[in-house]
>>> print(open('data_36.tsv').read())   # TSV, C-alpha atoms
chain	number	residue	atom	x	y	z
A	1	MET	CA	8.12	5.66	19.04
A	2	GLU	CA	7.59	1.96	18.69
A	3	PRO	CA	10.48	0.00	17.23
A	4	HIS	CA	8.73	-0.91	14.02
A	5	GLY	CA	11.47	-0.11	11.54
A	6	LYS	CA	12.89	-3.56	11.17
A	7	PRO	CA	10.43	-6.01	12.64
A	8	SER	CA	12.58	-9.00	11.81
A	9	SER	CA	15.59	-8.23	13.92
A	10	ASN	CA	14.01	-7.16	17.17
A	11	THR	CA	10.45	-8.39	17.40
A	12	HIS	CA	10.80	-11.84	15.92
A	13	ALA	CA	11.25	-13.77	19.11
A	14	LEU	CA	10.39	-17.21	17.77
A	15	PRO	CA	13.18	-19.27	16.24
A	16	LEU	CA	12.87	-19.62	12.52
A	17	ALA	CA	11.62	-23.04	11.62
A	18	ASN	CA	13.46	-23.47	8.37
A	19	VAL	CA	16.02	-20.89	7.42
A	20	SER	CA	16.53	-21.59	3.77
A	21	THR	CA	19.49	-19.64	2.51
A	22	ASN	CA	19.40	-20.40	-1.18
A	23	LYS	CA	15.77	-21.04	-1.75
A	24	THR	CA	13.44	-19.14	-3.96
A	25	LEU	CA	9.98	-18.01	-2.99
A	26	ILE	CA	7.28	-17.74	-5.61
A	27	ALA	CA	4.71	-15.31	-4.19
A	28	ILE	CA	1.20	-15.31	-5.58
A	29	PRO	CA	-1.12	-12.60	-4.27
A	30	ALA	CA	-4.67	-13.88	-4.67
A	31	TRP	CA	-8.03	-12.26	-4.11
A	32	ASN	CA	-11.02	-14.46	-4.95
A	33	GLU	CA	-9.16	-16.56	-7.50
A	34	ALA	CA	-10.49	-19.97	-6.48
A	35	GLY	CA	-11.15	-20.77	-10.13
A	36	SER	CA	-7.56	-20.41	-11.30
A	37	ILE	CA	-5.28	-20.63	-8.25
A	38	ALA	CA	-4.88	-24.42	-8.24
A	39	THR	CA	-3.84	-24.45	-11.90
A	40	VAL	CA	-1.36	-21.62	-11.37
A	41	VAL	CA	0.20	-23.30	-8.31
A	42	ALA	CA	0.47	-26.61	-10.15
A	43	SER	CA	2.13	-25.13	-13.22
A	44	VAL	CA	4.58	-23.11	-11.12
A	45	GLN	CA	5.43	-26.29	-9.21
A	46	GLU	CA	6.00	-28.10	-12.47
A	47	HIS	CA	8.44	-25.47	-13.75
A	48	ARG	CA	10.29	-24.83	-10.50
A	49	PRO	CA	10.01	-27.88	-8.23
A	50	ASP	CA	12.87	-26.47	-6.13
A	51	ALA	CA	11.03	-23.27	-5.17
A	52	ASP	CA	8.62	-22.71	-2.31
A	53	ILE	CA	5.23	-21.38	-3.32
A	54	LEU	CA	3.48	-18.88	-1.12
A	55	VAL	CA	-0.07	-17.81	-1.83
A	56	VAL	CA	-1.01	-14.63	-0.01
A	57	ASN	CA	-4.75	-14.90	0.32
A	58	ASP	CA	-5.84	-11.27	0.36
A	59	GLY	CA	-9.11	-11.53	2.25
A	60	SER	CA	-10.83	-13.79	-0.27
A	61	THR	CA	-14.44	-14.69	0.35
A	62	ASP	CA	-14.29	-17.78	-1.84
A	63	LEU	CA	-12.28	-21.01	-1.56
A	64	THR	CA	-8.97	-19.52	-2.72
A	65	ALA	CA	-7.12	-20.50	0.46
A	66	ARG	CA	-8.29	-24.10	0.46
A	67	GLU	CA	-7.71	-24.55	-3.28
A	68	ALA	CA	-4.19	-23.20	-2.94
A	69	GLN	CA	-3.41	-25.37	0.07
A	70	GLU	CA	-4.69	-28.49	-1.59
A	71	ALA	CA	-2.59	-27.68	-4.65
A	72	GLY	CA	0.44	-27.76	-2.37
A	73	ALA	CA	1.15	-24.10	-1.72
A	74	ARG	CA	1.90	-22.47	1.58
A	75	VAL	CA	-0.98	-20.10	2.33
A	76	ILE	CA	-0.93	-16.92	4.36
A	77	SER	CA	-4.37	-15.40	4.83
A	78	LEU	CA	-4.87	-11.71	5.47
A	79	PRO	CA	-7.87	-10.95	7.69
A	80	PHE	CA	-9.31	-8.55	5.12
A	81	ASN	CA	-8.55	-7.27	1.65
A	82	VAL	CA	-5.52	-4.95	1.66
A	83	GLY	CA	-4.80	-4.82	-2.07
A	84	VAL	CA	-1.92	-6.23	-4.10
A	85	GLY	CA	0.58	-3.87	-2.48
A	86	GLY	CA	-0.27	-5.00	1.03
A	87	ALA	CA	-0.35	-8.65	0.01
A	88	MET	CA	3.07	-8.32	-1.60
A	89	ARG	CA	4.55	-6.61	1.42
A	90	THR	CA	3.34	-9.54	3.49
A	91	ALA	CA	5.13	-11.84	1.05
A	92	PHE	CA	8.32	-9.77	1.26
A	93	LEU	CA	8.14	-9.73	5.06
A	94	TYR	CA	7.78	-13.50	5.01
A	95	ALA	CA	10.68	-13.89	2.57
A	96	GLN	CA	12.89	-11.64	4.66
A	97	ARG	CA	12.10	-13.40	7.94
A	98	GLU	CA	12.55	-16.85	6.48
A	99	GLY	CA	15.77	-15.90	4.78
A	100	TYR	CA	14.85	-16.31	1.13
A	101	ARG	CA	17.37	-14.91	-1.34
A	102	ALA	CA	14.97	-14.48	-4.25
A	103	LEU	CA	11.27	-13.81	-4.69
A	104	VAL	CA	9.21	-13.92	-7.84
A	105	GLN	CA	5.76	-12.40	-7.99
A	106	VAL	CA	3.25	-14.26	-10.13
A	107	ASP	CA	-0.37	-13.32	-10.72
A	108	ALA	CA	-3.07	-15.72	-9.53
A	109	ASP	CA	-5.27	-15.34	-12.60
A	110	GLY	CA	-2.99	-17.35	-14.85
A	111	GLN	CA	-1.91	-14.55	-17.17
A	112	HIS	CA	1.76	-15.16	-16.40
A	113	ASP	CA	3.58	-18.08	-17.97
A	114	PRO	CA	5.69	-20.00	-15.39
A	115	ALA	CA	8.04	-20.94	-18.23
A	116	ASP	CA	9.48	-17.44	-17.84
A	117	LEU	CA	10.39	-17.98	-14.17
A	118	ASP	CA	13.87	-19.20	-15.07
A	119	ARG	CA	14.64	-16.10	-17.06
A	120	LEU	CA	13.41	-13.76	-14.32
A	121	LEU	CA	15.49	-15.61	-11.71
A	122	ALA	CA	18.59	-15.82	-13.87
A	123	GLY	CA	18.44	-12.06	-14.33
A	124	LEU	CA	18.95	-11.55	-10.59
A	125	LYS	CA	22.62	-12.48	-11.03
A	126	ASP	CA	23.38	-8.91	-12.02
A	127	ALA	CA	20.28	-7.03	-10.90
A	128	ASP	CA	18.22	-6.49	-7.75
A	129	ILE	CA	14.91	-6.51	-9.58
A	130	VAL	CA	14.00	-8.03	-12.93
A	131	VAL	CA	10.73	-6.84	-14.43
A	132	GLY	CA	9.05	-9.10	-16.95
A	133	THR	CA	8.07	-7.04	-19.95
A	134	ARG	CA	5.21	-7.72	-22.34
A	135	PHE	CA	6.73	-5.46	-24.95
A	136	HIS	CA	9.28	-7.25	-27.07
A	137	PRO	CA	9.46	-8.36	-30.70
A	138	GLU	CA	8.02	-11.85	-30.11
A	139	SER	CA	5.24	-10.66	-27.83
A	140	MET	CA	1.64	-11.38	-28.67
A	141	TYR	CA	0.60	-8.59	-26.37
A	142	PHE	CA	-0.75	-5.50	-28.04
A	143	VAL	CA	-2.31	-2.31	-26.81
A	144	GLY	CA	-3.34	0.65	-28.89
A	145	GLY	CA	-4.74	4.14	-28.72
A	146	PRO	CA	-4.55	6.43	-25.73
A	147	ARG	CA	-3.80	3.52	-23.44
A	148	ARG	CA	-0.62	2.80	-25.36
A	149	TRP	CA	0.48	6.46	-25.19
A	150	ALA	CA	-0.08	6.50	-21.45
A	151	MET	CA	1.97	3.35	-20.97
A	152	VAL	CA	4.77	4.60	-23.23
A	153	LEU	CA	4.94	7.92	-21.40
A	154	LEU	CA	5.05	6.17	-18.05
A	155	SER	CA	7.73	3.80	-19.26
A	156	LYS	CA	9.83	6.69	-20.57
A	157	ALA	CA	9.61	8.50	-17.24
A	158	LEU	CA	10.70	5.46	-15.23
A	159	SER	CA	13.38	4.50	-17.73
A	160	TRP	CA	14.78	8.00	-17.44
A	161	MET	CA	14.78	7.79	-13.62
A	162	ASN	CA	16.35	4.34	-13.79
A	163	LYS	CA	18.92	5.29	-16.45
A	164	GLY	CA	18.04	1.94	-17.98
A	165	ASN	CA	15.08	0.68	-19.93
A	166	ILE	CA	11.86	-0.27	-18.13
A	167	SER	CA	9.44	-0.80	-20.98
A	168	ASP	CA	6.62	-2.31	-18.90
A	169	PRO	CA	6.55	-0.67	-15.46
A	170	THR	CA	3.06	-1.93	-14.60
A	171	SER	CA	4.02	-5.55	-15.06
A	172	GLY	CA	3.29	-7.65	-11.99
A	173	PHE	CA	5.54	-10.45	-13.19
A	174	ARG	CA	8.91	-9.68	-11.62
A	175	SER	CA	11.65	-11.04	-9.44
A	176	ALA	CA	13.48	-9.53	-6.48
A	177	GLY	CA	16.89	-10.30	-5.02
A	178	PRO	CA	18.09	-10.01	-1.39
A	179	LYS	CA	18.48	-6.22	-1.44
A	180	ALA	CA	15.02	-5.70	-2.90
A	181	ILE	CA	13.51	-8.15	-0.39
A	182	GLU	CA	15.06	-6.17	2.48
A	183	LEU	CA	13.70	-2.92	1.08
A	184	PHE	CA	10.21	-4.13	0.20
A	185	ALA	CA	9.74	-5.92	3.53
A	186	ILE	CA	9.90	-2.49	5.13
A	187	GLU	CA	8.16	-0.47	2.50
A	188	TYR	CA	5.88	-1.50	-0.30
A	189	PRO	CA	3.28	1.01	-1.46
A	190	ALA	CA	-0.31	-0.14	-1.17
A	191	ASP	CA	-2.10	2.46	-3.27
A	192	TYR	CA	-3.36	1.94	-6.82
A	193	LEU	CA	-0.35	1.48	-9.15
A	194	GLY	CA	1.88	1.79	-6.10
A	195	ASP	CA	2.54	-1.93	-6.08
A	196	THR	CA	3.94	-1.79	-9.62
A	197	VAL	CA	5.04	1.72	-10.58
A	198	GLY	CA	5.50	3.05	-7.06
A	199	SER	CA	7.63	0.14	-5.90
A	200	LEU	CA	9.97	0.62	-8.89
A	201	SER	CA	10.26	4.29	-8.09
A	202	ILE	CA	11.24	3.46	-4.50
A	203	ALA	CA	13.78	0.92	-5.68
A	204	ILE	CA	15.33	3.41	-8.11
A	205	ARG	CA	15.56	5.99	-5.36
A	206	GLN	CA	17.35	3.50	-3.14
A	207	GLY	CA	19.85	2.79	-5.88
A	208	LEU	CA	18.79	-0.75	-6.69
A	209	VAL	CA	19.65	-2.15	-10.10
A	210	ILE	CA	16.57	-2.83	-12.21
A	211	HIS	CA	16.68	-4.87	-15.39
A	212	GLU	CA	13.96	-6.33	-17.54
A	213	ALA	CA	13.35	-9.61	-19.29
A	214	PRO	CA	10.87	-10.49	-22.02
A	215	VAL	CA	7.92	-12.57	-20.82
A	216	THR	CA	4.72	-13.96	-22.22
A	217	MET	CA	1.43	-12.76	-20.82
A	218	TYR	CA	-1.98	-14.05	-21.61
A	219	PHE	CA	-4.99	-11.84	-21.73
A	220	ARG	CA	-7.27	-11.94	-18.78
A	221	GLN	CA	-10.44	-13.82	-19.46
A	222	ILE	CA	-12.77	-11.74	-17.38
A	223	GLY	CA	-13.17	-8.26	-15.99
A	224	ARG	CA	-11.42	-6.19	-18.63
A	225	PRO	CA	-12.76	-2.67	-18.29
A	226	SER	CA	-12.96	-0.52	-21.39
A	227	LYS	CA	-9.91	1.66	-21.69
A	228	ASN	CA	-10.45	5.00	-23.39
A	229	ALA	CA	-8.87	8.46	-23.38
A	230	LEU	CA	-10.39	9.38	-20.04
A	231	TRP	CA	-9.13	6.16	-18.51
A	232	SER	CA	-5.65	6.85	-19.88
A	233	ALA	CA	-5.59	10.37	-18.49
A	234	LEU	CA	-6.69	9.16	-15.06
A	235	TYR	CA	-4.20	6.32	-15.26
A	236	LEU	CA	-1.32	8.68	-16.03
A	237	GLY	CA	-2.40	11.02	-13.27
A	238	ARG	CA	-2.49	8.26	-10.71
A	239	ALA	CA	0.78	6.81	-11.91
A	240	SER	CA	2.44	10.22	-11.62
A	241	LEU	CA	1.02	10.52	-8.15
A	242	ALA	CA	2.45	7.11	-7.25
A	243	ILE	CA	5.89	8.09	-8.55
A	244	LEU	CA	5.75	11.48	-6.90
A	245	ALA	CA	4.56	10.19	-3.55
A	246	THR	CA	7.17	7.45	-3.37
A	247	GLY	CA	9.86	9.70	-4.81
A	248	LEU	CA	9.29	12.29	-2.14
A	249	LYS	CA	9.07	9.66	0.55
A	250	ALA	CA	12.33	7.98	-0.36
A	251	ASN	CA	14.26	10.84	1.17
A	252	ARG	CA	12.99	9.95	4.60
A	253	THR	CA	14.41	7.14	6.64
A	254	PRO	CA	12.67	3.77	6.27
A	255	ARG	CA	11.89	3.81	9.96
A	256	GLU	CA	9.37	6.59	9.60
A	257	ASP	CA	7.92	5.18	6.43
A	258	ALA	CA	7.08	1.90	8.02
A	259	SER	CA	4.73	3.41	10.61
B	1	MET	CA	-29.28	40.74	19.51
B	2	THR	CA	-31.19	37.55	18.69
B	3	ALA	CA	-28.30	36.54	16.42
B	4	ASN	CA	-25.97	36.79	19.39
B	5	ILE	CA	-28.26	34.65	21.52
B	6	LEU	CA	-28.44	32.07	18.74
B	7	ALA	CA	-24.64	32.01	18.38
B	8	ALA	CA	-24.15	31.76	22.12
B	9	ALA	CA	-26.66	28.92	22.35
B	10	ALA	CA	-24.93	27.03	19.52
B	11	ALA	CA	-21.54	27.49	21.19
B	12	LEU	CA	-22.92	26.35	24.53
B	13	ILE	CA	-24.54	23.26	23.04
B	14	THR	CA	-21.30	22.34	21.25
B	15	PHE	CA	-19.32	22.88	24.40
B	16	GLY	CA	-21.72	20.79	26.44
B	17	PHE	CA	-21.87	18.01	23.88
B	18	VAL	CA	-18.09	17.74	23.59
B	19	PHE	CA	-17.78	17.83	27.37
B	20	LEU	CA	-20.28	15.00	27.65
B	21	LEU	CA	-18.42	12.90	25.08
B	22	LEU	CA	-15.17	13.56	26.88
B	23	ARG	CA	-16.67	12.47	30.19
B	24	ARG	CA	-17.93	9.25	28.64
B	25	GLY	CA	-14.47	8.62	27.28
B	26	ALA	CA	-15.82	8.62	23.73
B	27	LEU	CA	-13.49	11.41	22.64
B	28	ARG	CA	-9.78	11.64	23.21
B	29	GLU	CA	-8.50	14.70	25.04
B	30	LYS	CA	-6.36	15.94	22.17
B	31	TYR	CA	-9.43	16.29	19.94
B	32	ALA	CA	-11.79	17.36	22.68
B	33	VAL	CA	-9.55	20.21	23.82
B	34	LEU	CA	-9.56	21.63	20.30
B	35	TRP	CA	-13.36	21.71	20.09
B	36	LEU	CA	-13.69	23.05	23.62
B	37	ILE	CA	-11.37	25.93	22.72
B	38	PHE	CA	-13.31	26.60	19.50
B	39	SER	CA	-16.69	26.63	21.19
B	40	GLY	CA	-15.28	28.66	24.07
B	41	ALA	CA	-14.02	31.28	21.64
B	42	ALA	CA	-17.35	31.27	19.80
B	43	LEU	CA	-19.16	31.79	23.08
B	44	PHE	CA	-16.86	34.68	23.97
B	45	PHE	CA	-17.49	36.46	20.69
B	46	ALA	CA	-21.23	35.85	20.94
B	47	VAL	CA	-21.36	37.45	24.37
B	48	PHE	CA	-18.96	40.27	23.48
B	49	PRO	CA	-19.62	41.13	19.82
B	50	GLY	CA	-17.62	44.30	20.34
B	51	ALA	CA	-14.47	42.17	20.38
B	52	VAL	CA	-15.06	41.05	16.81
B	53	ILE	CA	-15.67	44.60	15.64
B	54	TRP	CA	-12.53	45.77	17.41
B	55	LEU	CA	-10.43	42.94	15.93
B	56	SER	CA	-11.66	43.48	12.38
B	57	ARG	CA	-10.89	47.19	12.63
B	58	ILE	CA	-7.31	46.38	13.68
B	59	LEU	CA	-6.89	43.80	10.90
B	60	GLY	CA	-8.53	46.07	8.31
B	61	VAL	CA	-11.48	43.82	7.56
B	62	ALA	CA	-14.46	45.93	6.45
B	63	GLN	CA	-17.19	43.53	7.58
B	64	PRO	CA	-16.67	42.01	11.05
B	65	ALA	CA	-18.81	39.02	10.00
B	66	ASN	CA	-16.33	38.25	7.23
B	67	LEU	CA	-13.50	38.01	9.72
B	68	LEU	CA	-15.56	35.53	11.67
B	69	PHE	CA	-16.27	33.43	8.57
B	70	PHE	CA	-12.67	33.58	7.42
B	71	VAL	CA	-11.25	32.43	10.74
B	72	THR	CA	-13.87	29.68	10.99
B	73	VAL	CA	-13.10	28.36	7.51
B	74	VAL	CA	-9.35	28.35	8.16
B	75	LEU	CA	-9.78	26.49	11.44
B	76	LEU	CA	-12.13	23.90	9.91
B	77	VAL	CA	-9.75	23.29	7.01
B	78	LEU	CA	-6.87	22.78	9.43
B	79	VAL	CA	-8.92	20.33	11.47
B	80	SER	CA	-9.93	18.30	8.39
B	81	VAL	CA	-6.36	18.12	7.15
B	82	GLN	CA	-5.30	16.89	10.56
B	83	LEU	CA	-8.05	14.28	10.52
B	84	SER	CA	-6.97	13.08	7.06
B	85	TYR	CA	-3.46	12.75	8.39
B	86	GLU	CA	-4.59	10.73	11.37
B	87	LEU	CA	-6.80	8.58	9.14
B	88	SER	CA	-3.94	7.82	6.72
B	89	ARG	CA	-1.69	6.90	9.59
B	90	HIS	CA	-4.29	4.60	11.04
B	91	GLU	CA	-4.97	2.93	7.70
B	92	MET	CA	-1.26	2.22	7.36
B	93	ARG	CA	-1.04	0.86	10.88
B	94	ILE	CA	-4.11	-1.33	10.46
B	95	ARG	CA	-2.68	-2.73	7.25
B	96	ARG	CA	0.61	-3.41	9.00
B	97	LEU	CA	-1.25	-5.21	11.76
B	98	ALA	CA	-3.25	-7.26	9.26
B	99	GLU	CA	-0.01	-8.37	7.62
B	100	GLU	CA	1.48	-9.22	10.97
B	101	VAL	CA	-1.63	-11.16	12.00
B	102	ALA	CA	-1.49	-13.15	8.77
B	103	LEU	CA	2.17	-14.03	9.29
B	104	LEU	CA	1.64	-14.97	12.92
B	105	ARG	CA	-1.37	-17.10	12.09
B	106	ASN	CA	0.74	-18.96	9.55
B	107	GLU	CA	3.53	-19.42	12.07
B	108	ILE	CA	1.13	-20.79	14.66
B	109	SER	CA	-0.33	-23.32	12.27
B	110	GLU	CA	3.19	-24.39	11.29
B	111	ILE	CA	4.19	-24.82	14.90
B	112	ARG	CA	0.99	-26.79	15.54
B	113	ARG	CA	1.72	-29.01	12.58
B	114	ASP	CA	5.26	-29.66	13.84
B	115	ARG	CA	3.99	-30.39	17.34
B	116	ASP	CA	1.35	-32.80	16.15
B	117	GLY	CA	4.02	-34.48	14.08
B	118	ASN	CA	2.59	-34.55	10.62
>>> encode(input="data_36.tsv", output="structure tokens")
Amino acid sequence: MEPHGKPSSNTHALPLANVSTNKTLIAIPAWNEAGSIATVVASVQEHRPDADILVVNDGSTDLTAREAQEAGARVISLPFNVGVGGAMRTAFLYAQREGYRALVQVDADGQHDPADLDRLLAGLKDADIVVGTRFHPESMYFVGGPRRWAMVLLSKALSWMNKGNISDPTSGFRSAGPKAIELFAIEYPADYLGDTVGSLSIAIRQGLVIHEAPVTMYFRQIGRPSKNALWSALYLGRASLAILATGLKANRTPREDAS
Amino acid sequence: MTANILAAAAALITFGFVFLLLRRGALREKYAVLWLIFSGAALFFAVFPGAVIWLSRILGVAQPANLLFFVTVVLLVLVSVQLSYELSRHEMRIRRLAEEVALLRNEISEIRRDRDGN
């Protein structure tokens, strides 16, 4: 078998250009977000001037990469679209190889408020992962009907696995500490919901500490599909599949998983 | 009798086709061998239909044709599961490579930037 378990230690022959031991990486997976990426990068920069910003351009066919670069972000371009999970694993690989101690994932469409970055990063003091939750008393976010039931059920299942509350498991606004970076650089699920729900399930299985912090999220302007009972049922099914698949997989050694 | 000739012809054509692909290097041995064995077995049973009848009597299958269908279905299912497995593995590997390519490309451009001194 090829030695692909831990690519960093044995295949990274080049000397690391800038090993930053205390720096934070803000990772923004972006797929055709040329319209919003520059604004997002700028506002992240404004809130955390000390952090490095990495835009993982996930096979965009528009000007996402150039917009991000001109806004001052580091850009890594994937040769084709691999989905949020694949883009995030690239970010985690990068963070691990460059020696970052903390990584925060921020969406490229501007629905996350960079003002919450501090809270997500501060939470890493006593947790390996901090998930930003939309569900808290001051939240403007509201969902109803079958969609809400599906999300509540999912949250209950993960909270039970975690033995600690995870009220918004599908939130893509989250931070990861050194342990989580090590883990996710090797394995980060790429299937639908795997990047959010599945990754949490893996982390729980590996004994990482997961906390949550209240965050603000804005509604997406475009592309909101109608969410009805059928959608909710499918959503729950796929989420269960993501938990099940990663849960079963966690018993194997990371070496095999990485192939 | 004509059914046997038809079956034998189909088996022969499959065998020949797979052999041709193998010779051209368009098919890897591990897959080719499987199909060669299948078509070889099909050819055998087409030429000696008595073997099927004998086998089904031993296994307690009333209709020899049903035994044939059953075995064929099982084999085809196994092959498709194996192909799904290979496909999943390849998708994962391709994704891994894409990630690696992206990181390397970034590293190269950084090194270039450092070299050119700006």
>>> interface_residues(input="data_36.tsv", of="chain A", to="chain B", cutoff="8 Å", atoms="only C-alpha atoms", output="PyMOL selection string")
chain A and resi 75-80+82+86-87+89-90+94+259
>>> atom_distance(input="data_36.tsv", atom1="CA of Asp109 in chain A", atom2="CA of Gly35 in chain A")
8.4 Å
>>> closest_residue(input="data_36.tsv", among="A:Glu46, A:Glu138, A:Glu33, A:Glu70", to="Asp58 in chain A", atoms="only C-alpha atoms")
A:Glu33
>>> atom_distance(input="data_36.tsv", atom1="CA of Asp195 in chain A", atom2="CA of Ala180 in chain A")
13.4 Å
>>> axis_aligned_box(input="data_36.tsv", around="range 43-57 of chain B", padding_each_side="3 Å", output="AutoDock Vina command-line options")
--center_x -15.9 --center_y 39.5 --center_z 18.4 --size_x 16.9 --size_y 21.4 --size_z 18.0
>>> atom_distance(input="data_36.tsv", atom1="CA of Leu87 in chain B", atom2="CA of Leu27 in chain B")
15.3 Å
>>> residues_around(input="data_36.tsv", residues="range 64-73 of chain B", least_positions_apart="5", cutoff="10 Å", atoms="all atoms listed in the file", output="MDAnalysis selection string")
chainID B and resid 38 42 45 49:57 59 78:79
>>> residues_around(input="data_36.tsv", residues="range 14-22 of chain B", least_positions_apart="4", cutoff="6 Å", atoms="all atoms listed in the file", output="list of chain:residue names")
B:Ala26, B:Leu27, B:Leu36, B:Ser39
>>> residues_near_point(input="data_36.tsv", point="(17.0, -10.4, -13.2)", cutoff="12 Å", atoms="all atoms listed in the file", output="number ranges by chain")
A: 102-104, 116-133, 173-178, 180, 208-214
>>> residues_around(input="data_36.tsv", residues="Ile5 in chain B", least_positions_apart="6", cutoff="10 Å", atoms="all atoms listed in the file", output="number ranges by chain")
B: 11, 43, 46-47
>>> closest_residue(input="data_36.tsv", among="A:Leu54, A:Leu25, A:Ile37, A:Ala239", to="Gln111 in chain A", atoms="only C-alpha atoms")
A:Ile37
>>> decode(input="data_36.tsv", residues="range 49-60 of chain B", atoms="N, CA and C atoms", output="CSV table (one decimal), in the first residue's frame")
chain,number,residue,atom,x,y,z
B,49,PRO,N,-25.5,-29.4,-22.6
B,49,PRO,CA,-26.7,-29.0,-21.8
B,49,PRO,C,-27.0,-30.1,-20.7
B,50,GLY,N,-26.5,-31.3,-20.9
B,50,GLY,CA,-26.7,-32.3,-19.9
B,50,GLY,C,-26.1,-32.0,-18.6
B,51,ALA,N,-25.1,-31.2,-18.6
B,51,ALA,CA,-24.4,-30.8,-17.3
B,51,ALA,C,-25.3,-30.0,-16.5
B,52,VAL,N,-26.1,-29.1,-17.1
B,52,VAL,CA,-27.0,-28.2,-16.4
B,52,VAL,C,-28.1,-29.1,-15.7
B,53,ILE,N,-28.6,-30.0,-16.6
B,53,ILE,CA,-29.7,-30.9,-16.1
B,53,ILE,C,-29.2,-31.7,-14.9
B,54,TRP,N,-28.0,-32.2,-15.0
B,54,TRP,CA,-27.4,-33.0,-13.9
B,54,TRP,C,-27.2,-32.2,-12.7
B,55,LEU,N,-26.7,-31.0,-12.8
B,55,LEU,CA,-26.5,-30.1,-11.7
B,55,LEU,C,-27.8,-29.7,-11.0
B,56,SER,N,-28.8,-29.4,-11.8
B,56,SER,CA,-30.0,-29.0,-11.1
B,56,SER,C,-30.7,-30.1,-10.4
B,57,ARG,N,-30.5,-31.4,-10.9
B,57,ARG,CA,-31.1,-32.5,-10.2
B,57,ARG,C,-30.4,-32.6,-8.8
B,58,ILE,N,-29.1,-32.5,-8.8
B,58,ILE,CA,-28.3,-32.6,-7.6
B,58,ILE,C,-28.8,-31.5,-6.6
B,59,LEU,N,-28.9,-30.3,-7.1
B,59,LEU,CA,-29.3,-29.2,-6.2
B,59,LEU,C,-30.7,-29.1,-5.9
B,60,GLY,N,-31.5,-29.9,-6.6
B,60,GLY,CA,-33.0,-29.9,-6.3
B,60,GLY,C,-33.7,-28.8,-6.9
